[in-house]
Every structure is written in structure tokens, then in C-alpha cells.
Amino acid sequence: MRWPNVRQGVLVRRLLTLGLSLSLAALTAAGCNDSLTNQEIGPSGTVTESFSGTLNPSGGSTHVFVVSGKGAIQATLTAIGDDNTRIVGLALGNWTNNACQLAVANDNASVSFPLAATVSAAGNICARVYDTKGIPDATSYTLEVTHP
């Protein structure tokens with residue numbers, strides 16, 4: 001028995017659609033497994049970013065950066081004020097799209113003494129420099145952050 005041409009065309013289109021859909025699903029699944037494996041392994045190196053700003057009396061400045069995976073973060077003030085002797089606060093935390101939720105802080109931070117933390121996954125992280133000792137005037141600073 002022979003099917004009419006219209007039915008053959010519909011059947012062929014359905015089989016082609018089904019075959020292409022299954023092929024795309026298989027390729028997508030294979031691609032997802034590779035991506036997940038790469039994310040679990042994480043990056044092989046670290047990134048160092050430098051941030052500069054001016055800290056006002058009783059104020060603070062927040063800098064947001066993106067980490068690509070789990071690993072260690074280190075924030076270090078490389079300059080603060082004209083003579084690098086000022087004491088300020090330095091903190092690391094999670095960026096919540098409108099605020100820095102602090103996770104670790106040092107209220108007596110000075111130049112060359114790093115603040116360290118560990119992140120468990122990729123995401124937006126923040127570093128905050130703030131006045132804790134009553135700086136007398138606007139003070140420039142440079143902050144270096146190393147992260148995955």
C-alpha cells in the first residue's frame with residue numbers, strides 16, 4: 001500500500017525534525033559536560049587588579065571585581081597618603097548588586113600588609129577601603145587585589 005504524497009511529506013518532515021532535535025540535544029549535552037568540567041577545574045592562573053581612589057574623612061570607597069572560580073584572594077594597600085603611614089580599614093566581601101557584604105576586615109590596615117580570603121565559586125567580590133582612625137583630610141590610596 002502506498003501513502004499519498006502529502007502524508008509522505010509530513011512523515012518525512014516529522015522524522016527529520018525528530019532526528020535533528022535528538023542530534024542537537026546530544027551535541028548540547030556533550031558540550032555542557034565539557035563546560036562543567038572546565039569550570040570545576042578552574043583557571044590556571046591569577047589576575048592582579050589595581051584600584052585607586054580618594055578616601056574622605058569618615059568615608060569609604062568600594063571596588064567591585066569578578067573572580068572566575070574558587071581560590072585565594074589577597075588585597076594589599078600599596079600606597080596611602082603622601083607618606084604611606086596612615087592607618088585605614090580594609091575589607092573583602094560579596095557584592096550584592098548594591099552593597100558590599102563584608103566577610104573579612106582589618107580596621108588597622110596599612111601599606112604592604114595583605115588581607116587574605118578564600119572564595120568558593122565564581123562571582124562578584126568587593127574590596128572596601130574605609131576611615132577608621134579619623135583621617136584629617138582627603139587621602140589618596142592605591143589598592144592591589146590578586147584573585148582567581
# chains A, B, ... in the order shown; residues from 1 in each chain; ligands from 1
call {"tool": "residues_around", "arguments": {"residues": "A:Val64", "least_positions_apart": "6", "cutoff": "7 Å", "atoms": "only C-alpha atoms", "output": "JSON, numbers by chain"}}
result
{"A": [95, 124, 125, 126, 127]}
call {"tool": "write_last_selection", "arguments": {"atoms": "C-alpha atoms", "output": "short mmCIF file (atom, residue, chain, number, x, y, z; two decimals), in the first residue's frame"}}
result
data_model
loop_
_atom_site.label_atom_id
_atom_site.label_comp_id
_atom_site.auth_asym_id
_atom_site.auth_seq_id
_atom_site.Cartn_x
_atom_site.Cartn_y
_atom_site.Cartn_z
CA TRP A 95 28.93 42.28 46.17
CA ASN A 124 31.28 39.39 42.17
CA ILE A 125 33.56 40.30 45.06
CA CYS A 126 34.22 43.69 46.61
CA ALA A 127 37.12 45.35 48.36
#
call {"tool": "closest_atom_pairs", "arguments": {"of": "stretch 77-115 of chain A", "to": "stretch 44-59 of chain A", "cutoff": "10 Å", "atoms": "only C-alpha atoms", "output": "CSV"}}
result
residue,atom,partner,partner_atom,distance
A:Leu77,CA,A:Phe51,CA,9.5
A:Thr78,CA,A:Ser50,CA,9.3
A:Ala79,CA,A:Ser52,CA,9.1
A:Ile80,CA,A:Leu55,CA,9.2
A:Gly81,CA,A:Thr54,CA,9.1
A:Val88,CA,A:Leu55,CA,9.2
call {"tool": "write_last_selection", "arguments": {"atoms": "C-alpha atoms", "output": "PDB file, in the first residue's frame"}}
result
ATOM      1  CA  LEU A  77      47.297  48.665  50.056  1.00  0.00           C
ATOM      2  CA  THR A  78      50.332  49.747  48.034  1.00  0.00           C
ATOM      3  CA  ALA A  79      50.024  53.466  48.813  1.00  0.00           C
ATOM      4  CA  ILE A  80      48.035  55.566  51.293  1.00  0.00           C
ATOM      5  CA  GLY A  81      48.518  59.283  51.758  1.00  0.00           C
ATOM      6  CA  VAL A  88      42.653  52.768  57.494  1.00  0.00           C
TER       7      VAL A  88
END
call {"tool": "select_by_dssp", "arguments": {"residues": "stretch 36-128 of chain A", "states": "helix (DSSP H, G or I)", "output": "PyMOL selection string"}}
result
chain A and resi 36-41
call {"tool": "atom_distance", "arguments": {"atom1": "atom CA of A:Val104", "atom2": "atom CA of A:Ser120"}}
result
14.5 Å
call {"tool": "residues_around", "arguments": {"residues": "A:Lys70", "least_positions_apart": "3", "cutoff": "7 Å", "atoms": "only C-alpha atoms", "output": "ChimeraX atom specification"}}
result
/A:119-122,148
call {"tool": "write_last_selection", "arguments": {"atoms": "C-alpha atoms", "output": "PDB file, in the first residue's frame"}}
result
ATOM      1  CA  VAL A 119      36.254  32.245  47.617  1.00  0.00           C
ATOM      2  CA  SER A 120      34.423  29.005  46.901  1.00  0.00           C
ATOM      3  CA  ALA A 121      32.970  29.901  43.484  1.00  0.00           C
ATOM      4  CA  ALA A 122      33.000  32.458  40.701  1.00  0.00           C
ATOM      5  CA  PRO A 148      41.385  33.743  40.522  1.00  0.00           C
TER       6      PRO A 148
END
call {"tool": "closest_residue", "arguments": {"among": "A:Asp107, A:Ser61, A:Ala75, A:Thr96", "to": "A:Gly123", "atoms": "only C-alpha atoms"}}
result
A:Thr96
call {"tool": "atom_distance", "arguments": {"atom1": "atom CA of A:His147", "atom2": "atom CA of A:Asn84"}}
result
24.0 Å
call {"tool": "atom_distance", "arguments": {"atom1": "atom CA of A:Leu92", "atom2": "atom CA of A:Pro136"}}
result
24.4 Å
